[in-house]
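Asks: What follows is a structure written as structure tokens; I'll ask about it next.
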Amino acid sequence: MRGSLGLVGRIFAILLLTLSLEFAVGTLIYERASHFSLQDDEARRLAEHLVIARKLVSEQPREERRTMAIQLTTDRYDVHWTPQSPPPPPLAPELQRMRGQILDWEPSLARSALWLRLSSPGRHSEISGGLRLTDGSWLYFGTHVSANRWEFTIGRMGLALIPVLALLVIGGILIRRTLAPLRDLTRATERIGLSDQVKVAEGGTNDIRDLIRAFNAMQDRIHRLITERTETLAAVGHDLRTPLARLRLRLDAVEDDAARNALAGDLDEMGAMIDSLLAFLGGEKDPEPKVRSDLAVMIATLVDAFEDQGKDVAYAGPDHLELPLRPLSLRRAIGNLIENALHYGHRARLSLAREGDRAVIRVEDDGAGIPPERMRDVLKPFARLDSARQRNTRGLGLGLAIVDRAVEREGGALTLSNRAEGGLRVEISLPL
Amino acid sequence: MLRDISGMTAPTIILVEDDPPLRTLTARALQEHGYQVRPASSGPEMWVAFDAGPVDLVVLDVMLPGTNGIDLCRQIRRKSDVPIIFISAKGSETDRIVGLELGADDYLPKPFGARELIARIRAILRRAGLERGPDEQRESEARFEGWSVSFPRRELRSPTGAVVDLTGAEFDLLGSFLSHPQRVIARERLIELSRTRMGDSSDRSIDVLVSRLRRKLTTDDRAAPITTVRGVGYMFNAEVERA
């Protein structure tokens, strides 16, 4: 079965894999660095030079040999001859490889007891060594060839870094893949309660599967709870309308004009509360489809209706602007904004403009505005600006919450700001 | 109150409402305004009421036990053209559109007042008496200059297909223009015609309504096809296609 290791096991396995790889590669590099080696052509040249020098020096009589050695000295190689010398020092193990390289080219040099020595006066190493000639005299040589010792620390670090980086990338990709279902889960969690239920696909290791299963079950429960509450509230709202209708009809029996008017006002207010409650709840279920609509005409029609009631409301903007939207919820939203403007101020000014790929509606009033620290609060359902105002506030305090939801459903943005000249400006920006 | 239709008997209304007190109250209000009422609490009772004699109008609650109002409306429409007014506690736009598309004549959300209900009934009865002559069909669609009007949905769509908001009064005015294309209509006649429609009587003068409608029908490439005939009235000068 797939993924039976579990999250911890999986990450442990990944770590183990990367560490052992890093260990293996690191060891290899270290091993190589502890041996000295020459470039192949350098080794061949040195080998050939040594063979020639041995031959030429050996052919000379003993007294001529020193001069010959001097003649054989080039920019690259120093050659000396001595009749005898102390026995050669034992070969350092790290020079074995270099000796091997030279002997690969000229196996005959092995007969001459080739020995090498390394001296490192500066950044470059110098290799020196000796050959024993057949009569027991010694030919010494020195070379300026820099042995390819991986000494240059930065270069060495860089080289060691390459596998580490590669391992990091591989490890990262593997861990990312393992944790991908968790990321989906996180995203779903962020959206919970905002929109429709998001079913997270079960995947990944066993414990992640269990987690996702539990999350989906929890989401089901939450949605069921929300739906039940919403439906209950909506049902209560609908059911209240029948007794309200009865009251309205019974009102005609009230003889006292003043009392009848007052009662009618109360009934209107109750009706408006139920309407706004249902509008607020209605966003959850039975979603209104998007319809291509003329937003400019919609605003103008709303403004006309308020004007007809003698309100100081005006619209400035194009006569037509068509875009897909949910007309019912947006009409209510703009209506709420106009009502708010008239409630907290005396006049409402509406404008509509096309700005880039967005349609921007602005509703401005001449009221007191909103204290900056309360800007966020006023969008919450059942919020009221201050308790003292509650008395003359109609409705349930759902006005701006309904606007907020409607705009969010359109994929738009709602911005509230206080105008420099006083009053509130509400801006709705909708994608065209 | 006097009868709306000059004639012999008081109009008869079937009232289908399942809430007993509301049924009694509504029936009483209708009777007080001179209508004959046959109350019913459900579908079967409604059919019994139909059998009792000719009916001028049906007031139908959408939410009923058993067969709901929407289905009842569909069943009525198979047999008869009697005007139907829906009343509903739901008041959602979908319900309203479904109801009107099924052939209901109006939709009244609860809670409604007696005055509102009477006004709607009166408007519909007058319209039925005035317009629905023997050969005149129930109008459903009209087109002019690319614009399309759906009468059941009471909806206007622009040449590019966008829904253009009209108030009830504006829609009625447009409806009046559409039934008298390329003829001069006197202002008084226009007022009378528009008022007989949805009973959505507007306090605004007809000239304001015309100017608002004109603004809505004016596009970048074309002016609205409504001309003012000075001292007389208005003329709708576009070809109207009816379906």
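By order of appearance in the structure tokens: chains A, B, ..., then residues from 1 within every chain, and ligands from 1 in the order shown.
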Find the nearest atom pair between each residue of chain B and chain A for residues within 8 Å, count only C-alpha atoms, give distances in Å to one decimal, sort rows by chain and ascending number, and present the table as a Markdown table.

Replies:
```
| residue | atom | partner | partner_atom | distance |
| --- | --- | --- | --- | --- |
| B:Asp19 | CA | A:Thr242 | CA | 7.8 |
| B:Pro21 | CA | A:Arg246 | CA | 7.1 |
| B:Leu22 | CA | A:Arg246 | CA | 5.3 |
| B:Leu25 | CA | A:Leu249 | CA | 6.3 |
| B:Thr26 | CA | A:Leu249 | CA | 7.0 |
| B:Ala29 | CA | A:Leu249 | CA | 7.5 |
| B:Ala89 | CA | A:His238 | CA | 5.5 |
| B:Lys90 | CA | A:His238 | CA | 6.0 |
| B:Glu93 | CA | A:Leu328 | CA | 7.7 |
| B:Lys110 | CA | A:Arg241 | CA | 5.8 |
| B:Pro111 | CA | A:Ala245 | CA | 3.9 |
| B:Phe112 | CA | A:Ala245 | CA | 5.8 |
| B:Gly113 | CA | A:Arg248 | CA | 5.4 |
| B:Ala114 | CA | A:Leu249 | CA | 5.8 |
| B:Gly161 | CA | A:Arg292 | CA | 6.9 |
| B:Ala162 | CA | A:Ser293 | CA | 4.4 |
| B:Val163 | CA | A:Ser293 | CA | 4.4 |
| B:Val164 | CA | A:Asp294 | CA | 5.3 |
| B:Asp165 | CA | A:Met298 | CA | 5.5 |
| B:Leu166 | CA | A:Thr301 | CA | 7.0 |
| B:Thr167 | CA | A:Thr301 | CA | 7.2 |
| B:Arg204 | CA | A:Asp308 | CA | 7.4 |
| B:Arg215 | CA | A:Asp319 | CA | 7.2 |
| B:Lys216 | CA | A:Val297 | CA | 6.6 |
| B:Thr219 | CA | A:His320 | CA | 7.5 |
```

Asks: Find the residues near Thr82 in chain A: any atom within 8 Å, counting only C-alpha atoms, skip ones fewer than 2 places away on the same chain, and give them as an mmCIF file with C-alpha atoms, in the first residue's frame.

Replies:
```cif
data_model
loop_
_atom_site.group_PDB
_atom_site.id
_atom_site.type_symbol
_atom_site.label_atom_id
_atom_site.label_comp_id
_atom_site.auth_asym_id
_atom_site.auth_seq_id
_atom_site.Cartn_x
_atom_site.Cartn_y
_atom_site.Cartn_z
ATOM 1 C CA ARG A 66 77.468 16.985 -14.332
ATOM 2 C CA HIS A 80 71.487 17.541 -11.331
ATOM 3 C CA GLN A 84 76.183 9.185 -4.713
ATOM 4 C CA SER A 85 73.560 10.214 -2.246
ATOM 5 C CA SER A 137 74.994 7.438 -9.120
ATOM 6 C CA TRP A 138 71.888 9.583 -8.837
ATOM 7 C CA LEU A 139 70.125 11.935 -11.178
ATOM 8 C CA TYR A 140 68.033 14.518 -9.354
#
```

Asks: Can you list, as a short mmCIF file (atom, residue, chain, number, x, y, z; two decimals) with C-alpha atoms, in the first residue's frame, every protein, DNA or RNA residue that comes within 8 Å of Arg242 in chain B when you count only C-alpha atoms, leaving out same-chain residues fewer than 5 positions away?

Replies:
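Below you can see around.cif, which holds the result:
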```
data_model
loop_
_atom_site.label_atom_id
_atom_site.label_comp_id
_atom_site.auth_asym_id
_atom_site.auth_seq_id
_atom_site.Cartn_x
_atom_site.Cartn_y
_atom_site.Cartn_z
CA GLU B 139 -48.69 39.30 -25.58
CA SER B 140 -45.32 37.83 -24.73
CA GLU B 141 -42.46 39.33 -26.76
CA ALA B 142 -41.82 42.45 -28.78
CA ARG B 143 -38.76 43.73 -30.62
#
```

Asks: Please provide the set of residues having any atom within 10 Å of Ala40 in chain B, restricted to only C-alpha atoms, with same-chain residues fewer than 4 positions apart removed, written as a ChimeraX atom specification.

Replies: /B:14-18,20,23,44-49,60

Asks: Write the residues of the selection above to a file with C-alpha atoms, as a tab-separated table (two decimals), in the first residue's frame.

Replies:
```tsv
chain	number	residue	atom	x	y	z
B	14	ILE	CA	-61.38	32.81	-6.08
B	15	LEU	CA	-59.05	33.29	-3.14
B	16	VAL	CA	-56.70	30.36	-2.47
B	17	GLU	CA	-54.90	30.84	0.86
B	18	ASP	CA	-54.10	28.19	3.45
B	20	PRO	CA	-57.39	30.62	7.84
B	23	ARG	CA	-58.01	34.00	4.20
B	44	PRO	CA	-58.96	20.59	-4.50
B	45	GLU	CA	-61.09	23.29	-2.87
B	46	MET	CA	-60.06	25.67	-5.63
B	47	TRP	CA	-61.33	23.30	-8.33
B	48	VAL	CA	-64.62	23.00	-6.45
B	49	ALA	CA	-64.81	26.81	-6.42
B	60	LEU	CA	-53.36	32.32	-5.42
```

Asks: May I have all residues of range 232-411 of chain A that DSSP, computed from the backbone, assigns to strand (DSSP E), given as number ranges by chain?

Replies: A: 291-294, 312-316, 322-325, 347-355, 358-365

Asks: Could you tell me which of A:Asp184, A:Glu126, A:Glu106, A:Asp257 comes closest to Glu48 in chain A if we count only C-alpha atoms?

Replies: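 Of all the options, A:Glu106 lies closest to Glu48 in chain A.
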
Asks: Per DSSP on the backbone, what are the helix (DSSP H, G or I) residues of range 239-316 of chain A, as a compact mmCIF listing (two decimals) with N, CA and C atoms, in the first residue's frame?

Replies:
```txt
# COMPACT_ATOMS: atom_id res chain seq x y z
N ASP A 239 -42.19 32.88 7.62
CA ASP A 239 -43.42 32.63 8.38
C ASP A 239 -43.95 33.90 9.03
N LEU A 240 -43.05 34.81 9.39
CA LEU A 240 -43.50 36.06 10.01
C LEU A 240 -44.32 36.90 9.04
N ARG A 241 -44.12 36.67 7.76
CA ARG A 241 -44.80 37.52 6.79
C ARG A 241 -46.31 37.27 6.77
N THR A 242 -46.71 36.05 7.09
CA THR A 242 -48.15 35.78 7.09
C THR A 242 -48.86 36.55 8.23
N PRO A 243 -48.38 36.42 9.48
CA PRO A 243 -49.02 37.26 10.52
C PRO A 243 -48.90 38.75 10.23
N LEU A 244 -47.79 39.16 9.60
CA LEU A 244 -47.66 40.57 9.24
C LEU A 244 -48.74 40.97 8.24
N ALA A 245 -49.00 40.05 7.29
CA ALA A 245 -50.04 40.32 6.30
C ALA A 245 -51.40 40.44 6.99
N ARG A 246 -51.61 39.57 7.99
CA ARG A 246 -52.88 39.66 8.74
C ARG A 246 -52.99 41.01 9.43
N LEU A 247 -51.91 41.39 10.10
CA LEU A 247 -51.93 42.67 10.81
C LEU A 247 -52.24 43.82 9.86
N ARG A 248 -51.59 43.78 8.72
CA ARG A 248 -51.78 44.83 7.72
C ARG A 248 -53.25 44.95 7.32
N LEU A 249 -53.89 43.76 7.16
CA LEU A 249 -55.30 43.77 6.75
C LEU A 249 -56.20 44.20 7.91
N ARG A 250 -55.79 43.83 9.11
CA ARG A 250 -56.59 44.20 10.29
C ARG A 250 -56.49 45.70 10.55
N LEU A 251 -55.45 46.30 10.04
CA LEU A 251 -55.19 47.71 10.29
C LEU A 251 -56.37 48.58 9.84
N ASP A 252 -57.04 48.14 8.78
CA ASP A 252 -58.14 48.93 8.24
C ASP A 252 -59.26 49.10 9.26
N ALA A 253 -59.32 48.19 10.24
CA ALA A 253 -60.37 48.27 11.24
C ALA A 253 -60.06 49.32 12.31
N ASP A 257 -56.98 57.58 13.19
CA ASP A 257 -56.05 57.78 12.07
C ASP A 257 -54.59 57.78 12.51
N ALA A 258 -54.33 58.51 13.60
CA ALA A 258 -52.94 58.63 14.06
C ALA A 258 -52.40 57.26 14.44
N ALA A 259 -53.21 56.51 15.19
CA ALA A 259 -52.77 55.18 15.61
C ALA A 259 -52.55 54.29 14.40
N ARG A 260 -53.46 54.40 13.41
CA ARG A 260 -53.34 53.55 12.24
C ARG A 260 -52.03 53.85 11.49
N ASN A 261 -51.75 55.15 11.34
CA ASN A 261 -50.52 55.52 10.64
C ASN A 261 -49.28 55.03 11.39
N ALA A 262 -49.31 55.17 12.71
CA ALA A 262 -48.16 54.74 13.50
C ALA A 262 -47.98 53.23 13.35
N LEU A 263 -49.12 52.50 13.44
CA LEU A 263 -49.05 51.05 13.31
C LEU A 263 -48.53 50.66 11.92
N ALA A 264 -49.00 51.37 10.91
CA ALA A 264 -48.55 51.07 9.54
C ALA A 264 -47.04 51.28 9.44
N GLY A 265 -46.54 52.33 10.10
CA GLY A 265 -45.10 52.60 10.09
C GLY A 265 -44.33 51.46 10.74
N ASP A 266 -44.87 50.99 11.90
CA ASP A 266 -44.21 49.87 12.58
C ASP A 266 -44.19 48.63 11.71
N LEU A 267 -45.32 48.39 11.05
CA LEU A 267 -45.39 47.21 10.19
C LEU A 267 -44.39 47.32 9.04
N ASP A 268 -44.28 48.52 8.48
CA ASP A 268 -43.31 48.73 7.41
C ASP A 268 -41.91 48.40 7.89
N GLU A 269 -41.61 48.87 9.12
CA GLU A 269 -40.27 48.65 9.64
C GLU A 269 -40.00 47.16 9.86
N MET A 270 -41.00 46.48 10.42
CA MET A 270 -40.83 45.04 10.62
C MET A 270 -40.64 44.33 9.28
N GLY A 271 -41.43 44.75 8.30
CA GLY A 271 -41.30 44.16 6.97
C GLY A 271 -39.91 44.38 6.40
N ALA A 272 -39.39 45.62 6.59
CA ALA A 272 -38.06 45.95 6.07
C ALA A 272 -36.99 45.11 6.76
N MET A 273 -37.18 44.90 8.09
CA MET A 273 -36.21 44.08 8.82
C MET A 273 -36.18 42.66 8.27
N ILE A 274 -37.36 42.11 8.06
CA ILE A 274 -37.42 40.74 7.54
C ILE A 274 -36.79 40.70 6.15
N ASP A 275 -37.11 41.70 5.34
CA ASP A 275 -36.52 41.75 4.00
C ASP A 275 -35.00 41.74 4.07
N SER A 276 -34.44 42.59 4.96
CA SER A 276 -32.99 42.68 4.98
C SER A 276 -32.38 41.41 5.56
N LEU A 277 -33.07 40.82 6.54
CA LEU A 277 -32.57 39.55 7.10
C LEU A 277 -32.54 38.48 6.01
N LEU A 278 -33.62 38.40 5.24
CA LEU A 278 -33.69 37.39 4.19
C LEU A 278 -32.68 37.68 3.08
N ALA A 279 -32.46 38.95 2.81
CA ALA A 279 -31.47 39.29 1.79
C ALA A 279 -30.09 38.88 2.27
N PHE A 280 -29.82 39.11 3.56
CA PHE A 280 -28.53 38.76 4.12
C PHE A 280 -28.33 37.24 4.10
N LEU A 281 -29.36 36.51 4.48
CA LEU A 281 -29.25 35.06 4.52
C LEU A 281 -29.31 34.46 3.13
N GLY A 282 -30.01 35.14 2.25
CA GLY A 282 -30.26 34.61 0.91
C GLY A 282 -29.00 34.37 0.11
N LEU A 295 -25.54 48.61 -15.74
CA LEU A 295 -25.31 49.12 -14.39
C LEU A 295 -25.67 50.59 -14.29
N ALA A 296 -25.38 51.35 -15.35
CA ALA A 296 -25.66 52.79 -15.32
C ALA A 296 -27.16 53.03 -15.19
N VAL A 297 -27.94 52.27 -15.96
CA VAL A 297 -29.39 52.43 -15.88
C VAL A 297 -29.89 51.98 -14.51
N MET A 298 -29.29 50.93 -13.99
CA MET A 298 -29.70 50.45 -12.66
C MET A 298 -29.54 51.55 -11.62
N ILE A 299 -28.38 52.21 -11.65
CA ILE A 299 -28.13 53.27 -10.66
C ILE A 299 -29.09 54.43 -10.90
N ALA A 300 -29.23 54.81 -12.18
CA ALA A 300 -30.10 55.94 -12.50
C ALA A 300 -31.54 55.67 -12.04
N THR A 301 -32.00 54.42 -12.21
CA THR A 301 -33.36 54.07 -11.82
C THR A 301 -33.53 54.18 -10.31
N LEU A 302 -32.52 53.70 -9.57
CA LEU A 302 -32.57 53.81 -8.11
C LEU A 302 -32.61 55.27 -7.68
N VAL A 303 -31.75 56.06 -8.33
CA VAL A 303 -31.67 57.48 -7.98
C VAL A 303 -33.01 58.17 -8.27
N ASP A 304 -33.60 57.85 -9.43
CA ASP A 304 -34.91 58.42 -9.78
C ASP A 304 -35.93 58.13 -8.69
N ALA A 305 -35.92 56.86 -8.21
CA ALA A 305 -36.92 56.47 -7.21
C ALA A 305 -36.76 57.30 -5.94
N PHE A 306 -35.50 57.53 -5.52
CA PHE A 306 -35.28 58.34 -4.32
C PHE A 306 -35.65 59.80 -4.57
N GLU A 307 -35.33 60.28 -5.77
CA GLU A 307 -35.70 61.65 -6.12
C GLU A 307 -37.21 61.84 -6.04
N ASP A 308 -37.94 60.84 -6.53
CA ASP A 308 -39.40 60.92 -6.51
C ASP A 308 -39.94 61.04 -5.09
```

Asks: Env of range 206-209 of chain B: 10 Å cut, atoms = only C-alpha atoms, seq-sep filter 5 positions within chain, self excluded. Answer as a PyMOL selection string.

Replies: chain B and resi 167+169-171+173-174+187-188+190-191+194+214-215+228+233-234

Asks: For Ala69 in chain A, work out the shell of residues within 12 Å, counting only C-alpha atoms and skipping chain neighbours fewer than 3 positions away, then give it as a list in words.

Replies: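 Here the qualifying residues turn out to be His49, Leu50, Ile52, Ala53, Arg54, Lys55, Leu56, Val57, Ser58, Glu59, Gln60, Arg62, Glu63, Glu64, Arg65, Arg66, Leu72, Thr73, Thr74, Tyr77, Asp78, Val79, His80, Trp81, Thr82, Trp138, Leu139, Tyr140 and Phe141 of chain A.
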
Asks: Can you tell me, as number ranges by chain, what residues are no more than 9 Å from range 424-427 of chain A when counting only C-alpha atoms, ignoring any on the same chain fewer than 5 positions away?

Replies: A: 337, 341, 345, 360-370, 413-419

Asks: Please compute the CA of Ile70 in chain A-CA of Arg132 in chain A distance, one decimal, in Å.

Replies: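 It comes out at 17.4 Å.
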
Asks: Record the distance separating CA of Gly146 in chain B and CA of Glu241 in chain B, expressed in Å with one decimal.

Replies: 10.1 Å
